[in-house]
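Structure file run.txt; described as compact mmCIF, C-alpha atoms.
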# COMPACT_ATOMS: atom_id res chain seq x y z
CA MET U 9 25.88 9.26 3.26
CA SER U 10 22.65 8.51 1.41
CA LEU U 11 21.34 5.02 0.83
CA SER U 12 21.32 3.41 -2.57
CA ILE U 13 17.65 2.39 -2.66
CA GLN U 14 16.31 0.32 -5.53
CA VAL U 15 12.59 -0.18 -6.09
CA ARG U 16 11.40 -3.19 -8.05
CA ALA U 17 8.16 -4.98 -8.81
CA ALA U 18 7.54 -8.05 -6.70
CA THR U 19 7.27 -11.47 -8.33
CA ILE U 20 5.63 -14.71 -7.31
CA ALA U 21 8.99 -15.76 -5.81
CA ASP U 22 8.53 -12.94 -3.27
CA LEU U 23 5.31 -14.30 -1.70
CA ASP U 24 6.86 -15.05 1.69
CA GLN U 25 8.41 -11.57 1.88
CA ILE U 26 5.12 -9.92 0.85
CA LEU U 27 3.31 -11.81 3.61
CA ALA U 28 6.02 -10.92 6.14
CA PHE U 29 5.68 -7.22 5.32
CA ILE U 30 1.88 -7.41 5.55
CA GLN U 31 2.22 -9.08 8.96
CA GLN U 32 4.65 -6.40 10.14
CA LYS U 33 2.31 -3.64 8.97
CA ALA U 34 -0.65 -5.29 10.71
CA VAL U 35 1.31 -5.30 13.97
CA PHE U 36 2.38 -1.68 13.45
CA ASP U 37 -1.22 -0.63 12.77
CA GLY U 38 -2.51 -2.61 15.77
CA TYR U 39 -4.59 -5.00 13.67
CA ARG U 40 -2.64 -8.27 13.96
CA ASP U 41 -5.81 -10.18 14.92
CA ALA U 42 -7.60 -8.99 11.76
CA LEU U 43 -4.98 -10.51 9.46
CA SER U 44 -6.14 -13.52 7.45
CA ALA U 45 -3.88 -13.28 4.38
CA THR U 46 -1.79 -16.34 3.59
CA ALA U 47 0.86 -17.03 0.97
CA GLU U 48 -1.74 -19.10 -0.90
CA THR U 49 -4.38 -16.35 -0.97
CA LEU U 50 -1.76 -13.77 -1.94
CA GLN U 51 -0.61 -16.01 -4.78
CA GLN U 52 -4.17 -16.26 -6.11
CA THR U 53 -5.02 -12.57 -5.76
CA LEU U 54 -1.68 -11.00 -6.73
CA PHE U 55 -0.32 -13.46 -9.27
CA GLY U 56 -3.37 -15.40 -10.50
CA ASP U 57 -5.20 -15.10 -13.80
CA PHE U 58 -6.67 -11.74 -12.75
CA PRO U 59 -4.26 -9.90 -10.42
CA TYR U 60 -6.18 -7.53 -8.14
CA ALA U 61 -3.15 -5.54 -6.97
CA GLU U 62 0.57 -5.05 -7.45
CA VAL U 63 3.49 -4.95 -5.04
CA ALA U 64 6.83 -3.19 -5.20
CA PHE U 65 9.78 -3.57 -2.84
CA ALA U 66 12.33 -1.01 -1.73
CA GLU U 67 15.69 -2.71 -1.37
CA VAL U 68 19.19 -1.88 -0.20
CA ASN U 69 21.85 -4.31 -1.42
CA SER U 70 19.06 -6.69 -2.56
CA LEU U 71 17.59 -6.72 0.98
CA PRO U 72 13.87 -5.84 1.03
CA ILE U 73 13.32 -3.07 3.61
CA GLY U 74 9.90 -1.76 2.65
CA PHE U 75 6.99 -2.35 0.34
CA VAL U 76 3.94 -0.81 -1.24
CA LEU U 77 0.82 -2.72 -2.28
CA PHE U 78 -1.41 -0.81 -4.71
CA ALA U 79 -4.21 -1.23 -7.22
CA GLN U 80 -5.51 0.77 -10.14
CA MET U 81 -8.92 2.35 -9.59
CA TYR U 82 -10.96 4.90 -11.51
CA SER U 83 -12.09 8.43 -10.71
CA SER U 84 -15.41 9.37 -12.29
CA PHE U 85 -14.84 13.02 -11.37
CA LEU U 86 -11.58 13.10 -13.31
CA ALA U 87 -12.54 10.43 -15.86
CA GLN U 88 -9.05 9.06 -15.32
CA PRO U 89 -7.42 6.08 -13.64
CA THR U 90 -6.24 6.45 -10.05
CA LEU U 91 -3.74 4.45 -8.04
CA TRP U 92 -4.94 3.32 -4.62
CA ILE U 93 -2.29 2.46 -2.01
CA ASP U 94 -3.52 -0.23 0.34
CA ASP U 95 -0.24 -0.69 2.21
CA LEU U 96 2.96 1.31 2.40
CA PHE U 97 5.39 0.07 5.01
CA VAL U 98 9.06 0.64 5.80
CA GLN U 99 10.81 -1.36 8.49
CA VAL U 100 11.43 0.76 11.59
CA GLU U 101 15.23 0.74 11.37
CA TRP U 102 15.09 2.05 7.78
CA ARG U 103 12.67 4.94 8.32
CA ARG U 104 13.68 8.57 7.77
CA GLN U 105 16.27 7.50 5.20
CA GLY U 106 14.31 8.12 1.99
CA VAL U 107 12.77 4.66 1.62
CA GLY U 108 9.15 5.81 1.80
CA THR U 109 9.93 8.64 -0.60
CA ALA U 110 11.49 6.16 -3.04
CA LEU U 111 8.34 4.00 -2.91
CA LEU U 112 6.04 6.99 -3.47
CA LYS U 113 8.24 8.25 -6.31
CA HIS U 114 8.01 4.80 -7.92
CA LEU U 115 4.21 4.99 -7.71
CA ALA U 116 4.24 8.52 -9.10
CA GLU U 117 6.21 7.26 -12.10
CA ILE U 118 3.71 4.42 -12.61
CA GLY U 119 0.81 6.86 -12.21
CA LYS U 120 2.27 9.25 -14.75
CA THR U 121 2.91 6.43 -17.24
CA ARG U 122 -0.67 5.15 -16.84
CA GLY U 123 -2.24 8.59 -17.12
CA CYS U 124 -3.49 8.62 -13.54
CA GLY U 125 -5.13 11.76 -12.24
CA ARG U 126 -4.21 11.03 -8.64
CA ILE U 127 -2.84 8.60 -6.09
CA GLU U 128 -4.85 8.07 -2.90
CA TRP U 129 -4.61 6.17 0.37
CA THR U 130 -5.66 6.31 3.98
CA VAL U 131 -3.58 7.05 7.05
CA ALA U 132 -4.57 6.41 10.65
CA THR U 133 -5.47 9.60 12.49
CA HIS U 134 -3.03 8.67 15.28
CA ASN U 135 -0.11 8.11 12.86
CA ASN U 136 1.36 11.59 13.27
CA ALA U 137 4.74 10.65 11.80
CA GLY U 138 3.02 9.21 8.72
CA ILE U 139 0.79 12.25 8.32
CA GLN U 140 3.79 14.57 8.55
CA PHE U 141 5.73 12.45 6.04
CA TYR U 142 2.85 12.39 3.56
CA ARG U 143 2.41 16.17 3.82
CA GLN U 144 6.12 16.61 3.14
CA GLN U 145 5.63 14.59 -0.05
CA GLY U 146 2.88 16.97 -1.18
CA ALA U 147 -0.16 14.95 -0.10
CA GLN U 148 -3.32 16.74 0.94
CA ILE U 149 -4.86 15.13 4.03
CA ARG U 150 -8.63 15.23 3.48
CA GLU U 151 -10.39 15.56 6.81
CA GLU U 152 -13.90 15.93 5.35
CA VAL U 153 -14.28 12.34 4.11
CA ARG U 154 -14.65 9.06 6.00
CA VAL U 155 -13.79 5.54 4.98
CA CYS U 156 -16.87 3.33 4.61
CA ARG U 157 -16.49 -0.43 4.76
CA LEU U 158 -18.71 -3.43 4.22
CA ASP U 159 -16.93 -6.50 5.61
CA ALA U 160 -17.61 -10.03 4.32
CA SER U 161 -20.49 -10.50 6.76
CA ALA U 162 -22.13 -7.22 5.76
CA ILE U 163 -21.71 -8.08 2.07
CA ALA U 164 -23.40 -11.43 2.59
CA ASN U 165 -26.25 -9.79 4.55
CA LEU U 166 -26.75 -7.17 1.86
CA VAL U 167 -26.88 -9.80 -0.87
CA LEU U 168 -29.50 -11.73 1.09
CA ALA U 169 -31.58 -8.67 1.99
CA GLN U 170 -35.02 -8.59 0.38
Structure rendered as structure tokens:
Amino acid sequence: MSLSIQVRAATIADLDQILAFIQQKAVFDGYRDALSATAETLQQTLFGDFPYAEVAFAEVNSLPIGFVLFAQMYSSFLAQPTLWIDDLFVQVEWRRQGVGTALLKHLAEIGKTRGCGRIEWTVATHNNAGIQFYRQQGAQIREEVRVCRLDASAIANLVLAQ
């Protein structure tokens, strides 16, 4: 029997659930101590005057069981918009039941509607199940690139550099 999975855009009323999913993903990824998001900061950045990202939930019988947080970017090489997935998370007990696929399909539909040339994200090198899942969905895992990051401290130092 297959699940009846619905995917819907999150609203401001979903702030607590968004934060709960982000917390669960941080624990799964092993970065719980790095988490500083709050319901208040999520409200400002997701539902304020200038939303920086969007969230969608996967639900079964109106119960949220997974989420994806994504933003629109731009590819100069393609001269087209790109969707960037920051978080994709499915609760453990709901994995391998099509939930992640439903979330990616939802993003593919958004990407097609917006004329996106691609959808991109990162996956931890030790997340073998995730890597296998993404390959099954048609993703190419690019080994030749590395993620570069300037954290808040590095940004401040760079701004102050002479």
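In this structure, CA of Asn165 (chain U) sits 28.3 Å away from CA of Ala47 (chain U).
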Query raised in the report: Neighbours of Phe55 (chain U) within 10 Å (all atoms listed in the file; same-chain residues fewer than 6 positions away dropped), as a list in words?
Result: Ala18, Thr19, Ile20, Leu23, Thr49, Ala61 and Glu62 of chain U
Give me, as JSON lines, the closest atom pair and its distance (Å, one decimal) for every residue of region 93-142 of chain U within a cut-off of 12 Å of region 29-34 of chain U, counting only C-alpha atoms, rows sorted by chain and rising number.
{"residue": "U:Asp94", "atom": "CA", "partner": "U:Ile30", "partner_atom": "CA", "distance": 10.4}
{"residue": "U:Asp95", "atom": "CA", "partner": "U:Ile30", "partner_atom": "CA", "distance": 7.8}
{"residue": "U:Leu96", "atom": "CA", "partner": "U:Lys33", "partner_atom": "CA", "distance": 8.3}
{"residue": "U:Phe97", "atom": "CA", "partner": "U:Lys33", "partner_atom": "CA", "distance": 6.2}
{"residue": "U:Val98", "atom": "CA", "partner": "U:Phe29", "partner_atom": "CA", "distance": 8.6}
{"residue": "U:Gln99", "atom": "CA", "partner": "U:Gln32", "partner_atom": "CA", "distance": 8.1}
{"residue": "U:Val100", "atom": "CA", "partner": "U:Gln32", "partner_atom": "CA", "distance": 10.0}
Query - Contact residues around Thr121 (chain U) with only C-alpha atoms at 12 Å, ignoring same-chain residues under 5 positions, as JSON, numbers by chain - result: {"U": [89, 90, 91, 114, 115, 116]}
**Report entry** Within 10 Å of Tyr82 (chain U) using only C-alpha atoms, minus same-chain residues under 3 positions, as an MDAnalysis selection string
**Finding:** chainID U and resid 85:92 124:126
Query raised in the report: Do you have the CA of Pro59 (chain U)-CA of Trp129 (chain U) distance handy?
Result: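 It comes out at 19.4 Å.
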Query raised in the report: What lies within 12 Å of Glu48 (chain U) using all atoms listed in the file, ignoring chain neighbours under 2 positions off, as JSON, numbers by chain?
Result: {"U": [20, 23, 24, 26, 27, 44, 45, 46, 50, 51, 52, 53, 54, 55, 56]}
